[in-house]
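input-v7.txt (compact mmCIF, C-alpha atoms and all ligand atoms)
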# COMPACT_ATOMS: atom_id res chain seq x y z
CA MET A 17 -22.75 -6.62 18.24
CA LEU A 18 -19.54 -8.44 19.13
CA ARG A 19 -16.82 -7.53 16.65
CA MET A 20 -14.08 -10.02 15.89
CA THR A 21 -10.54 -8.69 16.07
CA ARG A 22 -9.00 -8.45 12.64
CA HIS A 23 -5.36 -9.44 12.26
CA PHE A 24 -3.20 -7.74 9.66
CA ILE A 25 0.31 -7.68 8.30
CA ILE A 26 1.15 -4.39 6.60
CA ASP A 27 3.87 -4.65 3.99
CA CYS A 28 5.59 -1.31 3.39
CA ASP A 29 8.17 0.49 1.30
CA THR A 30 7.80 3.12 3.94
CA ALA A 31 7.02 6.57 2.57
CA GLU A 32 4.37 9.05 3.73
CA ASP A 33 1.30 7.15 2.50
CA ASP A 34 2.53 3.84 3.94
CA ILE A 35 2.94 5.52 7.34
CA MET A 36 -0.57 6.98 7.31
CA SER A 37 -1.92 3.57 6.29
CA LEU A 38 -0.35 2.00 9.37
CA PHE A 39 -1.86 4.74 11.53
CA MET A 40 -5.30 4.25 9.98
CA LEU A 41 -5.27 0.51 10.73
CA LEU A 42 -4.47 1.30 14.36
CA ARG A 43 -7.05 4.08 14.58
CA TYR A 44 -9.72 1.60 13.44
CA GLY A 45 -8.79 -1.04 16.00
CA ILE A 46 -7.07 -3.49 13.65
CA SER A 47 -4.53 -5.72 15.34
CA VAL A 48 -1.34 -5.14 13.34
CA GLU A 49 0.73 -8.26 13.95
CA GLY A 50 3.76 -7.16 12.00
CA ILE A 51 5.17 -4.58 9.64
CA THR A 52 7.19 -6.17 6.86
CA ILE A 53 9.55 -4.06 4.78
CA VAL A 54 10.35 -4.59 1.12
CA GLU A 55 12.35 -2.83 -1.58
CA GLY A 56 10.62 0.14 -3.14
CA ASN A 57 10.27 3.89 -2.77
CA ILE A 58 13.59 4.79 -1.11
CA SER A 59 16.71 3.02 0.21
CA PHE A 60 15.80 -0.13 2.10
CA ASP A 61 17.47 1.00 5.34
CA GLN A 62 15.57 4.27 5.27
CA GLU A 63 12.30 2.39 4.77
CA VAL A 64 13.07 0.40 7.94
CA ASN A 65 14.04 3.58 9.79
CA ASN A 66 10.84 5.33 8.72
CA ALA A 67 8.67 2.48 10.02
CA LEU A 68 10.40 2.49 13.41
CA TRP A 69 10.33 6.29 13.59
CA ALA A 70 6.60 6.31 12.77
CA LEU A 71 5.97 3.79 15.57
CA GLU A 72 7.85 6.02 18.00
CA PHE A 73 5.79 9.00 16.88
CA ILE A 74 2.57 7.16 17.58
CA GLY A 75 3.88 5.44 20.73
CA LYS A 76 3.30 1.83 19.63
CA GLU A 77 5.59 -1.18 19.57
CA ILE A 78 4.88 -3.48 16.66
CA PRO A 79 7.55 -5.81 15.26
CA VAL A 80 9.21 -4.49 12.10
CA TYR A 81 10.53 -7.34 9.95
CA PRO A 82 13.04 -6.42 7.22
CA GLY A 83 12.41 -8.49 4.12
CA SER A 84 13.56 -8.64 0.55
CA GLN A 85 15.86 -5.87 -0.57
CA ARG A 86 15.40 -6.50 -4.28
CA PRO A 87 12.86 -7.86 -6.77
CA LEU A 88 12.87 -11.61 -7.56
CA VAL A 89 14.48 -11.26 -10.96
CA LYS A 90 14.72 -7.75 -12.33
CA ASN A 91 16.41 -4.50 -11.49
CA TYR A 92 14.39 -1.60 -10.17
CA ARG A 93 14.83 1.99 -9.12
CA THR A 94 13.83 3.96 -6.05
CA VAL A 95 11.72 7.11 -6.43
CA GLU A 96 13.13 9.78 -4.12
CA ASN A 97 12.11 12.28 -6.79
CA VAL A 98 8.48 11.46 -5.92
CA HIS A 99 8.61 11.10 -2.14
CA GLY A 100 11.69 13.13 -1.21
CA LYS A 101 15.13 11.96 -0.02
CA GLY A 102 13.68 10.55 3.18
CA GLY A 103 10.38 9.26 1.75
CA ILE A 104 8.49 11.82 3.85
CA GLY A 105 9.98 14.77 2.03
CA ASP A 106 13.67 15.58 2.11
CA LYS A 107 13.96 15.18 5.88
CA VAL A 108 15.86 11.97 6.69
CA VAL A 109 14.75 10.54 10.05
CA LYS A 110 16.01 7.86 12.41
CA PRO A 111 14.30 6.11 15.31
CA SER A 112 15.75 7.01 18.68
CA LYS A 113 15.12 3.70 20.49
CA LEU A 114 13.22 1.07 18.54
CA LYS A 115 15.07 -1.59 16.55
CA ALA A 116 14.00 -3.87 13.74
CA SER A 117 13.49 -7.57 14.42
CA ASN A 118 16.22 -10.07 13.49
CA LYS A 119 13.59 -12.26 11.89
CA HIS A 120 13.25 -12.06 8.12
CA ALA A 121 9.88 -10.84 6.84
CA VAL A 122 9.34 -14.07 4.87
CA ASP A 123 9.62 -16.19 8.03
CA ALA A 124 7.42 -13.76 9.94
CA ILE A 125 4.72 -13.97 7.25
CA ILE A 126 4.77 -17.78 7.32
CA GLU A 127 4.65 -17.89 11.14
CA LEU A 128 1.87 -15.32 11.41
CA ALA A 129 -0.15 -17.10 8.73
CA ASP A 130 0.12 -20.26 10.86
CA ARG A 131 -0.80 -18.47 14.05
CA TYR A 132 -3.83 -16.73 12.52
CA ALA A 133 -4.68 -19.34 9.89
CA GLY A 134 -7.86 -18.36 8.06
CA GLU A 135 -7.94 -14.93 9.69
CA LEU A 136 -4.77 -13.14 8.65
CA GLU A 137 -5.14 -10.29 6.15
CA PHE A 138 -2.23 -8.92 4.17
CA LEU A 139 -2.12 -5.25 3.23
CA ALA A 140 0.27 -5.02 0.29
CA ILE A 141 0.97 -1.35 -0.33
CA SER A 142 4.34 -2.05 -1.86
CA PRO A 143 5.96 -4.43 -4.37
CA LEU A 144 4.84 -8.03 -3.82
CA THR A 145 8.29 -9.61 -3.33
CA ASN A 146 7.95 -10.55 0.36
CA LEU A 147 4.58 -12.20 -0.09
CA ALA A 148 5.69 -14.04 -3.24
CA LEU A 149 8.81 -15.39 -1.51
CA ALA A 150 6.76 -16.52 1.48
CA TYR A 151 4.22 -18.23 -0.78
CA LEU A 152 6.94 -19.92 -2.84
CA LYS A 153 8.38 -21.29 0.42
CA ASP A 154 5.01 -22.33 1.83
CA LYS A 155 2.16 -22.82 -0.63
CA SER A 156 -0.34 -23.36 2.21
CA LEU A 157 -0.33 -19.58 2.59
CA ALA A 158 -2.95 -19.49 -0.16
CA ASP A 159 -5.41 -21.14 2.25
CA LYS A 160 -4.21 -19.52 5.44
CA ILE A 161 -4.28 -15.88 4.36
CA LYS A 162 -7.84 -14.66 4.34
CA LYS A 163 -7.47 -11.64 2.09
CA VAL A 164 -4.76 -9.72 0.28
CA TRP A 165 -5.42 -6.02 -0.31
CA ILE A 166 -3.17 -4.77 -3.07
CA MET A 167 -2.30 -1.22 -4.01
CA GLY A 168 -1.05 -1.74 -7.49
CA GLY A 169 -1.53 -1.83 -11.20
CA THR A 170 -3.71 0.14 -13.54
CA ILE A 171 -7.22 -0.43 -14.86
CA TYR A 172 -6.99 1.69 -17.99
CA GLY A 173 -3.25 1.43 -18.61
CA ARG A 174 -2.36 4.83 -17.20
CA GLY A 175 0.66 4.40 -14.99
CA ASN A 176 3.06 6.44 -12.91
CA ILE A 177 6.46 4.81 -13.44
CA THR A 178 5.99 4.11 -17.15
CA PRO A 179 3.08 5.35 -19.26
CA VAL A 180 1.28 2.04 -18.65
CA ALA A 181 2.61 0.61 -15.38
CA GLU A 182 2.10 1.45 -11.75
CA TYR A 183 5.22 1.49 -9.52
CA ASN A 184 4.56 -1.38 -7.07
CA ILE A 185 3.78 -3.90 -9.79
CA TRP A 186 6.49 -2.54 -12.10
CA VAL A 187 9.19 -2.99 -9.43
CA ASP A 188 8.56 -6.72 -9.17
CA PRO A 189 6.24 -7.98 -11.91
CA ASP A 190 7.53 -11.54 -11.40
CA ALA A 191 6.42 -11.50 -7.77
CA ALA A 192 3.09 -10.00 -8.83
CA LYS A 193 2.62 -12.77 -11.38
CA VAL A 194 3.22 -15.39 -8.67
CA ILE A 195 0.67 -13.78 -6.36
CA PHE A 196 -1.96 -13.07 -9.03
CA SER A 197 -1.96 -16.76 -9.98
CA SER A 198 -1.78 -18.09 -6.41
CA GLY A 199 -5.50 -18.48 -5.78
CA MET A 200 -5.43 -16.07 -2.84
CA ASP A 201 -8.42 -13.76 -2.34
CA LEU A 202 -7.08 -10.59 -3.97
CA THR A 203 -8.47 -7.06 -4.15
CA MET A 204 -6.67 -4.63 -6.41
CA VAL A 205 -6.79 -0.86 -6.01
CA ALA A 206 -5.26 0.64 -9.13
CA TRP A 207 -3.24 3.80 -9.60
CA ASP A 208 -5.52 5.22 -12.30
CA LEU A 209 -8.49 4.72 -9.98
CA ILE A 210 -7.01 6.57 -7.01
CA THR A 211 -5.92 9.57 -9.10
CA ASN A 212 -9.62 10.51 -9.26
CA TYR A 213 -9.75 11.08 -5.51
CA THR A 214 -6.96 13.49 -4.63
CA ILE A 215 -6.95 15.94 -1.71
CA ASN A 216 -7.84 19.30 -3.25
CA ASP A 217 -6.81 22.76 -2.01
CA GLU A 218 -9.92 23.17 0.14
CA GLU A 219 -9.41 19.80 1.83
CA TRP A 220 -5.69 20.48 2.30
CA ASP A 221 -6.52 23.81 3.99
CA LYS A 222 -9.14 22.15 6.15
CA ILE A 223 -6.55 19.61 7.31
CA LYS A 224 -4.12 22.46 8.06
CA SER A 225 -6.73 24.20 10.18
CA MET A 226 -7.46 21.06 12.22
CA ASN A 227 -4.35 21.84 14.26
CA THR A 228 -3.92 18.44 15.81
CA LYS A 229 -0.54 16.77 16.23
CA LEU A 230 -1.46 14.28 13.52
CA SER A 231 -2.82 16.85 11.07
CA SER A 232 0.43 18.86 11.32
CA PHE A 233 2.36 15.61 10.86
CA TYR A 234 0.26 14.86 7.76
CA ILE A 235 0.92 18.30 6.22
CA ASP A 236 4.59 17.94 6.95
CA ILE A 237 5.11 14.48 5.44
CA TYR A 238 2.83 14.92 2.38
CA ALA A 239 4.01 18.37 1.22
CA HIS A 240 6.71 16.96 -1.09
CA TYR A 241 4.43 14.29 -2.62
CA ARG A 242 1.69 16.87 -3.13
CA ASN A 243 3.99 19.23 -4.94
CA TYR A 244 5.30 16.41 -7.15
CA ALA A 245 1.81 15.17 -8.01
CA MET A 246 0.56 18.65 -8.87
CA THR A 247 3.56 19.77 -10.89
CA LYS A 248 4.60 16.52 -12.59
CA GLN A 249 1.57 14.24 -12.65
CA LYS A 250 -1.21 16.57 -13.75
CA MET A 251 -3.12 16.11 -10.50
CA LYS A 252 -5.19 18.66 -8.61
CA GLY A 253 -3.95 17.52 -5.22
CA ASN A 254 -2.02 14.80 -3.46
CA PRO A 255 -3.05 11.20 -4.12
CA HIS A 256 -3.53 8.44 -1.56
CA PRO A 257 -2.78 5.13 -3.23
CA ASP A 258 -1.93 3.27 -0.04
CA LEU A 259 -4.39 5.02 2.24
CA ILE A 260 -7.38 4.44 -0.05
CA THR A 261 -6.43 0.76 -0.26
CA THR A 262 -6.25 0.70 3.53
CA ALA A 263 -9.62 2.42 3.93
CA ILE A 264 -11.18 -0.21 1.64
CA ALA A 265 -9.49 -3.00 3.61
CA ILE A 266 -10.93 -1.57 6.84
CA ASP A 267 -14.40 -0.87 5.46
CA SER A 268 -15.19 -2.59 2.18
CA SER A 269 -18.18 -0.25 1.64
CA VAL A 270 -15.66 2.48 0.74
CA ALA A 271 -15.43 0.64 -2.60
CA THR A 272 -18.72 1.28 -4.38
CA LYS A 273 -18.01 -0.61 -7.59
CA VAL A 274 -16.00 -3.83 -7.65
CA GLU A 275 -15.80 -6.45 -10.39
CA LYS A 276 -14.19 -9.85 -10.14
CA GLN A 277 -12.12 -10.30 -13.27
CA TYR A 278 -9.21 -12.23 -14.66
CA VAL A 279 -6.01 -10.22 -14.33
CA ASP A 280 -2.54 -11.24 -15.49
CA ILE A 281 0.78 -9.45 -15.19
CA GLU A 282 3.10 -8.54 -18.01
CA ASN A 283 6.52 -9.57 -16.68
CA CYS A 284 8.69 -9.21 -19.74
CA GLU A 285 11.54 -6.71 -19.60
CA CYS A 286 9.83 -4.66 -22.26
CA LEU A 287 7.79 -1.58 -23.04
CA THR A 288 4.84 -2.80 -20.97
CA ARG A 289 6.71 -4.30 -18.00
CA GLY A 290 4.44 -4.44 -14.96
CA MET A 291 1.21 -3.80 -16.79
CA THR A 292 -1.88 -5.36 -15.21
CA VAL A 293 -3.77 -6.93 -18.10
CA ILE A 294 -7.48 -7.13 -17.24
CA ASP A 295 -9.67 -9.41 -19.34
CA TYR A 296 -12.64 -7.08 -18.92
CA LEU A 297 -14.76 -8.87 -21.53
CA GLY A 298 -13.88 -12.40 -20.41
CA ILE A 299 -12.32 -13.06 -23.81
CA TRP A 300 -9.87 -15.66 -22.43
CA ASN A 301 -12.57 -17.59 -20.53
CA LYS A 302 -10.35 -17.76 -17.47
CA GLU A 303 -11.61 -17.99 -13.92
CA PRO A 304 -11.74 -14.43 -12.47
CA ASN A 305 -8.96 -14.09 -9.88
CA VAL A 306 -9.02 -10.48 -8.69
CA ASN A 307 -11.61 -8.14 -7.20
CA VAL A 308 -10.89 -4.99 -9.17
CA VAL A 309 -12.09 -1.75 -7.58
CA TYR A 310 -13.64 0.65 -10.13
CA GLU A 311 -15.13 3.34 -7.91
CA ILE A 312 -14.98 4.56 -4.34
CA ASN A 313 -17.13 6.73 -2.11
CA LYS A 314 -14.84 9.74 -1.69
CA GLU A 315 -16.89 11.24 1.17
CA LYS A 316 -16.51 8.06 3.17
CA PHE A 317 -12.77 7.95 2.54
CA ILE A 318 -12.32 11.61 3.47
CA SER A 319 -14.31 11.20 6.66
CA MET A 320 -12.07 8.26 7.62
CA LEU A 321 -9.03 10.46 6.93
CA TYR A 322 -10.41 13.31 9.06
CA ASN A 323 -11.27 10.84 11.78
CA LEU A 324 -7.70 9.60 11.71
CA LEU A 325 -6.24 13.11 11.83
CA SER A 326 -8.42 14.13 14.76
CA TRP A 327 -7.11 11.17 16.84
CA PHE A 328 -4.54 13.27 18.71
C1 LIG B 1 2.69 3.20 -4.93
O1 LIG B 1 4.10 3.22 -5.12
C2 LIG B 1 4.70 3.92 -4.07
O2 LIG B 1 5.38 5.02 -4.62
C3 LIG B 1 3.63 4.37 -3.13
O3 LIG B 1 4.06 4.16 -1.80
C4 LIG B 1 2.46 3.51 -3.49
O4 LIG B 1 2.47 2.30 -2.77
C5 LIG B 1 2.05 4.12 -5.92
O5 LIG B 1 2.34 3.71 -7.21
CA CA B 2 3.77 2.12 -0.61

Just give me the structure as structure tokens.
Ligand code: BDR
Ligand code: CA
Amino acid sequence: MLRMTRHFIIDCDTAEDDIMSLFMLLRYGISVEGITIVEGNISFDQEVNNALWALEFIGKEIPVYPGSQRPLVKNYRTVENVHGKGGIGDKVVKPSKLKASNKHAVDAIIELADRYAGELEFLAISPLTNLALAYLKDKSLADKIKKVWIMGGTIYGRGNITPVAEYNIWVDPDAAKVIFSSGMDLTMVAWDLITNYTINDEEWDKIKSMNTKLSSFYIDIYAHYRNYAMTKQKMKGNPHPDLITTAIAIDSSVATKVEKQYVDIENCECLTRGMTVIDYLGIWNKEPNVNVVYEINKEKFISMLYNLLSWF
């Protein structure tokens, strides 16, 4: 069967899980047309550096477009406590040769949406500022972008940056509100879903014993996040918010239960800032706007991860 090439933009606040997500897209033959960088996990410049460094590690040249360095309206904070000083643990890396593009991410998104109108998919594993700015500049993006895969929000109101909010949506709830009401085809992979599918001790040891260049790289860049998750977040292993979202984007059968529902964003500067409010009973009679993932096939996800780590 002839397979059509899929064209993606990956939008990153480049920490360990963002990097692995980029690698997984490439491993599965996705054509990554651009990497856009947005405010988030660590300092903006380090996010750019990490993306370029990761490309050098994997020997690929893909344009890296620096984008928004702050949320639309509100203040935010970086989370080096979670991902380490350098976002891949405490090691702070720099690319040796590659440089970021001079083009702003917002312009790159608009241009790529034109070039691949109706085909472009947007993997949003970071706050939604870049996409919201691009859409506010060019509303036709809603028709031109085929799908937006979002790592963000919570289903049951169990967050990671506040008791009820997930980090990506919390950082820029105003951008999220713009995107959630844009009419784009959205799939949301929530924080309190992915916490059910962490990498346990046995899987971690199996990855260690794979002894490939990529498996050692994985162990190295996830060790800090794993320790944080297990000591501070009551988890039994390291989570994969971005990578699970990416696996679903690559192969939608990884998501075994999905419901299209109406979701709105709480964007007040208040106790519940960044909460994803899901009308799960249809009480508001609003047109469902988001495919909400409720369950995944962990075996399928893990086999995609092992497949990635056995690449080289
Ligand atoms: C999300 O926020 C970031 O810390 C991670 O990269 C992930 O995208 C998890 O809440
Ligand atoms: Ca991320």

Ligand LIG 1 (chain B) neighbours within 10 Å using all atoms listed in the file, as a PyMOL selection string: chain A and resi 27-35+56-58+94-96+98-99+103+140-143+166-170+175-177+181-187+206-208+210+241+255-259+261

Selection: 9 Å around Tyr234 (chain A), all atoms listed in the file, excl. self and same-chain fewer than 6 positions, as a list of chain:residue names: A:Glu32, A:Met36, A:Ile223, A:Lys224, A:Leu325

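Comparing A:Ile125, A:Ile161, A:Ile260, A:Met226 by their smallest distance to ligand CA 2 (chain B), the closest is A:Ile260 (using only C-alpha atoms and all ligand atoms).
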
Atom-to-atom span, CA of Lys160 (chain A) and CA of Lys119 (chain A), Å: 20.3 Å

Neighbour list for Phe138 (chain A) as a PyMOL selection string, cut-off 8 Å, all atoms listed in the file, skip fewer than 3 positions in-chain: chain A and resi 24-27+161+163-165

Among the residues A:Thr262, A:Gly253, A:Asp295, A:Glu218, the one that comes closest to ligand CA 2 (chain B) [using all atoms listed in the file]: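 Of the candidates, the smallest distance to ligand CA 2 (chain B) is held by A:Thr262.
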
Distance of CA of Val205 (chain A) from CA of Leu149 (chain A), expressed in Å to one decimal place: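 Those two atoms sit 21.8 Å apart.
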
Nearest residue to ligand CA 2 (chain B) from the set A:Ile281, A:Leu144, A:Ile126, A:Cys286 (distances using all atoms listed in the file):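 Ranked by minimum distance to ligand CA 2 (chain B), first place goes to A:Leu144.
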
Given all atoms listed in the file as the counted atoms, nearest of A:Asn216, A:Thr52, A:Asn301, A:Asn307 to Leu128 (chain A):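 The shortest atom-to-atom distance to Leu128 (chain A) comes from A:Thr52.
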
Residues within 10 Å of (13.4, 3.7, 9.9), file coords, only C-alpha atoms, listed as a PyMOL selection string: chain A and resi 30+60-71+80+102+108-112+114-116

Straight-line distance linking CA of Leu152 (chain A) with CA of Val122 (chain A), stated in Å to one decimal: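 Between CA of Leu152 (chain A) and CA of Val122 (chain A) the gap is 10.0 Å.
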
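Considering all atoms listed in the file, the residue among A:Asn91, A:Thr288, A:Ser37, A:Ser268 positioned nearest to ligand CA 2 (chain B) is A:Ser37.
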
Selected residue of minimal separation from Val89 (chain A) among A:Ile318, A:Ala245, A:Ile74, A:Cys284, counting all atoms listed in the file: A:Cys284

Close residues, Phe317 (chain A) itself excluded, 9 Å, all atoms listed in the file, min 2 positions apart in chain, as a list in words: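 The filter keeps Leu259, Ile260, Ala263, Ile264, Val270, Ile312, Asn313, Lys314, Glu315, Ser319, Met320, Leu321 and Tyr322 of chain A.
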